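This report refers to the structure that appears directly beneath it.
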Amino acid sequence: MESSISKVFEGAPASQLEEYKKVYGIVYDLHGNILSTSTSMIIIIVTIIVLAILSIIIFKKKNK
């Protein structure tokens with residue numbers, strides 16, 4: 001993927017490439033800091049777990 005991004009943004013300012021990555025979720029920006037890949041993965045996994053628990057709770061309440 002990096003080669004295609006490099007090809008598309010060839011000659012473009014670095015700020016434009018950085019903004020593209022933020023908008024399309026390639027990197028995560030938290031309070032002006034780009035999060036590392038491992039931190040991003042942890043946030044995604046925790047979000048999935050929380051949403052799964054909430055859906056199980058809602059499903060159980062509807063089936064009572």
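How things are named: the first chain in the structure tokens is A, the next is B, and so on; residues count from 1 in each chain; ligands count from 1 in the order shown.
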Range 41-49 of chain A surroundings by only C-alpha atoms, 12 Å radius, close-in-sequence under 6 positions cut, as a PyMOL selection string: chain A and resi 25-28+30+35+55-56
Could you please write out, as a ChimeraX atom specification, every residue of chain A that DSSP assigns to helix (DSSP H, G or I)? /A:2-8,14-23,37-62
Please dump the current selection as a compact mmCIF listing (two decimals), in the first residue's frame; keep N, CA and C atoms.
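The result, written out as selection-v8.txt:
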# COMPACT_ATOMS: atom_id res chain seq x y z
N GLU A 2 1.98 1.18 0.66
CA GLU A 2 2.83 2.36 0.76
C GLU A 2 3.33 2.80 -0.62
N SER A 3 3.59 1.86 -1.51
CA SER A 3 4.07 2.25 -2.83
C SER A 3 3.00 2.98 -3.64
N SER A 4 1.75 2.55 -3.48
CA SER A 4 0.68 3.24 -4.21
C SER A 4 0.44 4.64 -3.65
N ILE A 5 0.54 4.80 -2.34
CA ILE A 5 0.39 6.12 -1.73
C ILE A 5 1.54 7.02 -2.18
N SER A 6 2.74 6.48 -2.21
CA SER A 6 3.88 7.27 -2.66
C SER A 6 3.71 7.73 -4.10
N LYS A 7 3.17 6.84 -4.92
CA LYS A 7 2.97 7.17 -6.33
C LYS A 7 1.90 8.26 -6.49
N VAL A 8 0.80 8.14 -5.75
CA VAL A 8 -0.30 9.10 -5.87
C VAL A 8 0.11 10.47 -5.35
N ALA A 14 4.07 17.15 2.21
CA ALA A 14 3.98 16.10 3.23
C ALA A 14 2.74 16.27 4.10
N SER A 15 2.32 17.49 4.32
CA SER A 15 1.15 17.74 5.14
C SER A 15 -0.11 17.17 4.49
N GLN A 16 -0.17 17.20 3.17
CA GLN A 16 -1.32 16.66 2.45
C GLN A 16 -1.38 15.14 2.60
N LEU A 17 -0.24 14.48 2.52
CA LEU A 17 -0.17 13.03 2.71
C LEU A 17 -0.57 12.67 4.13
N GLU A 18 -0.07 13.40 5.10
CA GLU A 18 -0.39 13.14 6.50
C GLU A 18 -1.90 13.31 6.77
N GLU A 19 -2.49 14.35 6.20
CA GLU A 19 -3.93 14.58 6.37
C GLU A 19 -4.74 13.46 5.72
N TYR A 20 -4.32 12.99 4.56
CA TYR A 20 -4.98 11.87 3.89
C TYR A 20 -4.97 10.63 4.78
N LYS A 21 -3.83 10.32 5.38
CA LYS A 21 -3.71 9.15 6.24
C LYS A 21 -4.61 9.28 7.47
N LYS A 22 -4.73 10.48 8.02
CA LYS A 22 -5.60 10.69 9.18
C LYS A 22 -7.07 10.52 8.79
N VAL A 23 -7.47 11.12 7.68
CA VAL A 23 -8.88 11.10 7.27
C VAL A 23 -9.34 9.69 6.95
N THR A 37 1.48 1.96 15.76
CA THR A 37 0.66 0.87 15.26
C THR A 37 0.16 -0.01 16.40
N SER A 38 1.02 -0.29 17.37
CA SER A 38 0.60 -1.15 18.48
C SER A 38 -0.48 -0.48 19.32
N THR A 39 -0.36 0.82 19.56
CA THR A 39 -1.38 1.54 20.32
C THR A 39 -2.70 1.56 19.55
N SER A 40 -2.63 1.75 18.26
CA SER A 40 -3.84 1.73 17.43
C SER A 40 -4.52 0.38 17.49
N MET A 41 -3.74 -0.70 17.42
CA MET A 41 -4.30 -2.05 17.49
C MET A 41 -4.94 -2.31 18.85
N ILE A 42 -4.32 -1.84 19.92
CA ILE A 42 -4.89 -2.02 21.26
C ILE A 42 -6.23 -1.31 21.36
N ILE A 43 -6.31 -0.09 20.85
CA ILE A 43 -7.57 0.67 20.88
C ILE A 43 -8.65 -0.06 20.08
N ILE A 44 -8.31 -0.58 18.91
CA ILE A 44 -9.27 -1.30 18.09
C ILE A 44 -9.76 -2.57 18.80
N ILE A 45 -8.85 -3.32 19.39
CA ILE A 45 -9.21 -4.56 20.07
C ILE A 45 -10.09 -4.28 21.29
N VAL A 46 -9.73 -3.27 22.08
CA VAL A 46 -10.54 -2.91 23.25
C VAL A 46 -11.93 -2.46 22.82
N THR A 47 -12.02 -1.70 21.75
CA THR A 47 -13.32 -1.26 21.24
C THR A 47 -14.17 -2.45 20.81
N ILE A 48 -13.58 -3.41 20.13
CA ILE A 48 -14.30 -4.61 19.70
C ILE A 48 -14.82 -5.37 20.92
N ILE A 49 -13.99 -5.54 21.94
CA ILE A 49 -14.38 -6.27 23.14
C ILE A 49 -15.54 -5.56 23.85
N VAL A 50 -15.43 -4.25 24.01
CA VAL A 50 -16.49 -3.48 24.69
C VAL A 50 -17.80 -3.59 23.92
N LEU A 51 -17.76 -3.42 22.61
CA LEU A 51 -18.97 -3.52 21.80
C LEU A 51 -19.57 -4.93 21.82
N ALA A 52 -18.72 -5.94 21.83
CA ALA A 52 -19.21 -7.32 21.90
C ALA A 52 -19.91 -7.57 23.24
N ILE A 53 -19.34 -7.10 24.34
CA ILE A 53 -19.96 -7.25 25.65
C ILE A 53 -21.29 -6.52 25.70
N LEU A 54 -21.32 -5.30 25.18
CA LEU A 54 -22.58 -4.55 25.16
C LEU A 54 -23.66 -5.25 24.33
N SER A 55 -23.28 -5.80 23.20
CA SER A 55 -24.27 -6.48 22.36
C SER A 55 -24.77 -7.75 23.04
N ILE A 56 -23.93 -8.46 23.77
CA ILE A 56 -24.36 -9.65 24.50
C ILE A 56 -25.34 -9.26 25.60
N ILE A 57 -25.04 -8.18 26.33
CA ILE A 57 -25.93 -7.71 27.39
C ILE A 57 -27.29 -7.31 26.81
N ILE A 58 -27.29 -6.57 25.73
CA ILE A 58 -28.54 -6.14 25.09
C ILE A 58 -29.33 -7.35 24.59
N PHE A 59 -28.64 -8.30 23.97
CA PHE A 59 -29.29 -9.49 23.44
C PHE A 59 -29.94 -10.30 24.56
N LYS A 60 -29.24 -10.45 25.69
CA LYS A 60 -29.78 -11.20 26.82
C LYS A 60 -31.01 -10.50 27.42
N LYS A 61 -30.99 -9.17 27.50
CA LYS A 61 -32.13 -8.43 28.05
C LYS A 61 -33.35 -8.54 27.14
N LYS A 62 -33.15 -8.56 25.83
CA LYS A 62 -34.27 -8.67 24.90
C LYS A 62 -34.89 -10.06 24.91
Would you return as a ChimeraX atom specification the members of chain A that DSSP assigns to strand (DSSP E) on this structure's backbone? /A:29-30,33-34
